[in-house]
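> For reference, this is query36.pdb, and it has PDB, C-alpha atoms.
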ATOM      1  CA  MET A  76      -0.364  -7.127  11.109  1.00  0.00           C
ATOM      2  CA  SER A  77      -1.373  -8.154   7.636  1.00  0.00           C
ATOM      3  CA  MET A  78      -0.088  -9.229   4.245  1.00  0.00           C
ATOM      4  CA  PHE A  79      -1.852  -9.039   0.903  1.00  0.00           C
ATOM      5  CA  SER A  80      -0.927  -9.697  -2.673  1.00  0.00           C
ATOM      6  CA  ALA A  81      -1.706  -7.529  -5.677  1.00  0.00           C
ATOM      7  CA  ALA A  82      -1.057  -8.036  -9.380  1.00  0.00           C
ATOM      8  CA  SER A  83      -1.070  -5.230 -11.963  1.00  0.00           C
ATOM      9  CA  PHE A  84      -1.392  -6.063 -15.638  1.00  0.00           C
ATOM     10  CA  LEU A  85       0.058  -2.963 -17.248  1.00  0.00           C
ATOM     11  CA  ASN A  86       0.166  -3.941 -20.907  1.00  0.00           C
ATOM     12  CA  VAL A  87      -3.482  -4.604 -21.668  1.00  0.00           C
ATOM     13  CA  VAL A  88      -3.326  -2.365 -24.767  1.00  0.00           C
ATOM     14  CA  GLN A  89       0.090  -2.371 -26.465  1.00  0.00           C
ATOM     15  CA  SER A  90      -0.633   0.874 -28.315  1.00  0.00           C
ATOM     16  CA  SER A  91      -0.680   2.641 -24.926  1.00  0.00           C
ATOM     17  CA  VAL A  92       2.777   1.235 -24.169  1.00  0.00           C
ATOM     18  CA  ARG A  93       4.118   2.431 -27.542  1.00  0.00           C
ATOM     19  CA  ARG A  94       2.775   5.961 -26.916  1.00  0.00           C
ATOM     20  CA  GLY A  95       4.268   6.063 -23.400  1.00  0.00           C
ATOM     21  CA  LEU A  96       0.894   6.143 -21.638  1.00  0.00           C
ATOM     22  CA  ALA A  97       1.401   2.823 -19.807  1.00  0.00           C
ATOM     23  CA  GLU A  98       4.302   0.668 -18.674  1.00  0.00           C
ATOM     24  CA  ASP A  99       5.013  -2.702 -20.246  1.00  0.00           C
ATOM     25  CA  GLY A 100       4.847  -5.925 -18.271  1.00  0.00           C
ATOM     26  CA  THR A 101       3.146  -7.191 -15.128  1.00  0.00           C
ATOM     27  CA  ARG A 102       3.861  -6.245 -11.505  1.00  0.00           C
ATOM     28  CA  PHE A 103       3.270  -8.395  -8.429  1.00  0.00           C
ATOM     29  CA  GLN A 104       3.606  -7.085  -4.898  1.00  0.00           C
ATOM     30  CA  ILE A 105       3.151  -8.638  -1.458  1.00  0.00           C
ATOM     31  CA  PRO A 106       3.690  -6.033   1.258  1.00  0.00           C
ATOM     32  CA  PHE A 107       3.793  -6.703   4.990  1.00  0.00           C
ATOM     33  CA  GLN A 108       1.817  -4.172   7.023  1.00  0.00           C
ATOM     34  CA  MET A 109       1.836  -3.430  10.745  1.00  0.00           C
ATOM     35  CA  ALA A 110      -0.185  -0.906  12.774  1.00  0.00           C
ATOM     36  CA  LYS A 111       0.180   0.230  16.391  1.00  0.00           C
ATOM     37  CA  THR A 112      -2.076   2.477  18.465  1.00  0.00           C
ATOM     38  CA  PHE A 113      -0.486   4.636  21.134  1.00  0.00           C
ATOM     39  CA  ARG A 114      -2.497   5.976  24.053  1.00  0.00           C
ATOM     40  CA  PRO A 115      -4.109   8.384  24.420  1.00  0.00           C
ATOM     41  CA  ALA A 116      -4.582   9.443  20.804  1.00  0.00           C
ATOM     42  CA  GLY A 117      -1.905   8.399  18.301  1.00  0.00           C
ATOM     43  CA  HIS A 118      -1.190   5.636  15.820  1.00  0.00           C
ATOM     44  CA  ALA A 119       1.532   4.526  13.428  1.00  0.00           C
ATOM     45  CA  ASP A 120       1.367   2.273  10.342  1.00  0.00           C
ATOM     46  CA  VAL A 121       4.350   0.689   8.561  1.00  0.00           C
ATOM     47  CA  GLU A 122       4.424  -1.124   5.190  1.00  0.00           C
ATOM     48  CA  VAL A 123       7.354  -2.857   3.489  1.00  0.00           C
ATOM     49  CA  GLY A 124       7.604  -5.500   0.770  1.00  0.00           C
ATOM     50  CA  PRO A 125       8.879  -6.484  -2.657  1.00  0.00           C
ATOM     51  CA  ARG A 126       7.394  -5.462  -6.007  1.00  0.00           C
ATOM     52  CA  ALA A 127       8.451  -7.895  -8.728  1.00  0.00           C
ATOM     53  CA  ARG A 128       8.220  -6.945 -12.407  1.00  0.00           C
ATOM     54  CA  THR A 129       8.256  -9.038 -15.556  1.00  0.00           C
ATOM     55  CA  VAL A 130       9.869  -6.167 -17.522  1.00  0.00           C
ATOM     56  CA  GLY A 131      12.561  -3.996 -15.955  1.00  0.00           C
ATOM     57  CA  ARG A 132      14.023  -4.044 -12.481  1.00  0.00           C
ATOM     58  CA  SER A 133      12.101  -5.215  -9.436  1.00  0.00           C
ATOM     59  CA  GLU A 134      11.990  -2.900  -6.448  1.00  0.00           C
ATOM     60  CA  TRP A 135      11.060  -2.581  -2.779  1.00  0.00           C
ATOM     61  CA  LEU A 136       8.193  -0.480  -1.535  1.00  0.00           C
ATOM     62  CA  SER A 137       8.019   1.021   1.944  1.00  0.00           C
ATOM     63  CA  GLY A 138       6.042   3.595   3.833  1.00  0.00           C
ATOM     64  CA  ILE A 139       5.314   5.009   7.279  1.00  0.00           C
ATOM     65  CA  VAL A 140       2.189   6.872   8.346  1.00  0.00           C
ATOM     66  CA  CYS A 141       1.625   8.519  11.747  1.00  0.00           C
ATOM     67  CA  GLY A 142      -1.475  10.250  13.012  1.00  0.00           C
ATOM     68  CA  PHE A 143      -3.028  11.857  16.063  1.00  0.00           C
ATOM     69  CA  ASP A 144      -6.668  12.278  17.075  1.00  0.00           C
ATOM     70  CA  LEU A 145      -7.554  15.955  17.413  1.00  0.00           C
ATOM     71  CA  ALA A 146     -11.057  15.414  18.824  1.00  0.00           C
ATOM     72  CA  LYS A 147     -13.070  12.591  20.340  1.00  0.00           C
ATOM     73  CA  THR A 148     -15.518  10.904  17.989  1.00  0.00           C
ATOM     74  CA  ASN A 149     -18.802   9.179  18.746  1.00  0.00           C
ATOM     75  CA  ASN A 150     -19.757   5.703  17.614  1.00  0.00           C
ATOM     76  CA  ALA A 151     -23.139   4.923  16.065  1.00  0.00           C
ATOM     77  CA  ASP A 152     -24.539   3.988  19.507  1.00  0.00           C
ATOM     78  CA  GLY A 153     -23.544   7.393  20.990  1.00  0.00           C
ATOM     79  CA  ARG A 154     -20.584   6.204  23.085  1.00  0.00           C
ATOM     80  CA  ALA A 155     -17.371   8.210  22.847  1.00  0.00           C
ATOM     81  CA  SER A 156     -14.378   6.292  21.490  1.00  0.00           C
TER      82      SER A 156
END
Please express what this file holds, its structure, as structure tokens.

Amino acid sequence: MSMFSAASFLNVVQSSVRRGLAEDGTRFQIPFQMAKTFRPAGHADVEVGPRARTVGRSEWLSGIVCGFDLAKTNNADGRAS
């Protein structure tokens, strides 16, 4: 499990905002992430959290990722993982 914060300053150059190349305002997000490994060869990752904005509506972000190992890999010391 983990949490991290990220800030995006979107309006560094106001001429880019006027031309529609960038969004106005600042965004701050702090998602909560969780990962789980399933034996023998699968994993799942989940992320959810708020994204606050200084201009416009705030929103929630979320995502799910699943994966499966198709082949065994070797570590740097030659042991199979």
> The PyMOL selection byres ((chain A and resi 125) around 9) - which residues does that actually catch in the file I just gave you? List them as a count of residues only.
13
> Given the PyMOL selection byres ((chain A and resi 142) around 10) and the file above, list the residues it selects as number ranges by chain.
A: 112-113, 116-120, 140-141, 143-145
> For C-alpha atoms, I'd like the residues from the last selection saved as a tab-separated table (two decimals), in the coordinates of the input.

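The resulting selection27.tsv:
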chain	number	residue	atom	x	y	z
A	112	THR	CA	-2.08	2.48	18.46
A	113	PHE	CA	-0.49	4.64	21.13
A	116	ALA	CA	-4.58	9.44	20.80
A	117	GLY	CA	-1.90	8.40	18.30
A	118	HIS	CA	-1.19	5.64	15.82
A	119	ALA	CA	1.53	4.53	13.43
A	120	ASP	CA	1.37	2.27	10.34
A	140	VAL	CA	2.19	6.87	8.35
A	141	CYS	CA	1.62	8.52	11.75
A	143	PHE	CA	-3.03	11.86	16.06
A	144	ASP	CA	-6.67	12.28	17.08
A	145	LEU	CA	-7.55	15.96	17.41
> Of the residues A:Ala110, A:Arg102, A:Phe84, A:Pro115, which is the one nearest to Lys147 in chain A, using all atoms listed in the file?
A:Pro115
> Check which residues satisfy the PyMOL selection byres ((chain A and resi 94-100) around 8) in the file shown, then give them as a list in words.
Phe84, Leu85, Asn86, Gln89, Ser90, Ser91, Val92, Arg93, Thr101, Arg102, Arg128, Thr129 and Val130 of chain A
> Quick one: pull the distance between CA of Glu122 in chain A and CA of Ala146 in chain A, Å, one decimal.
26.4 Å
> Would you kindly return, as a list in words, each protein, DNA or RNA residue with an atom no farther than 8 Å from any atom of Ser77 in chain A, considering all atoms listed in the file and excluding same-chain residues fewer than 3 positions away?
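Close residues of Ser77 in chain A: Phe107, Gln108 and Met109 of chain A.
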> Output C-alpha atoms of each residue in that selection to a file, as a tab-separated table (two decimals), in the frame of the given file.

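To be explicit, this is the file written out as result.tsv:
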chain	number	residue	atom	x	y	z
A	107	PHE	CA	3.79	-6.70	4.99
A	108	GLN	CA	1.82	-4.17	7.02
A	109	MET	CA	1.84	-3.43	10.74
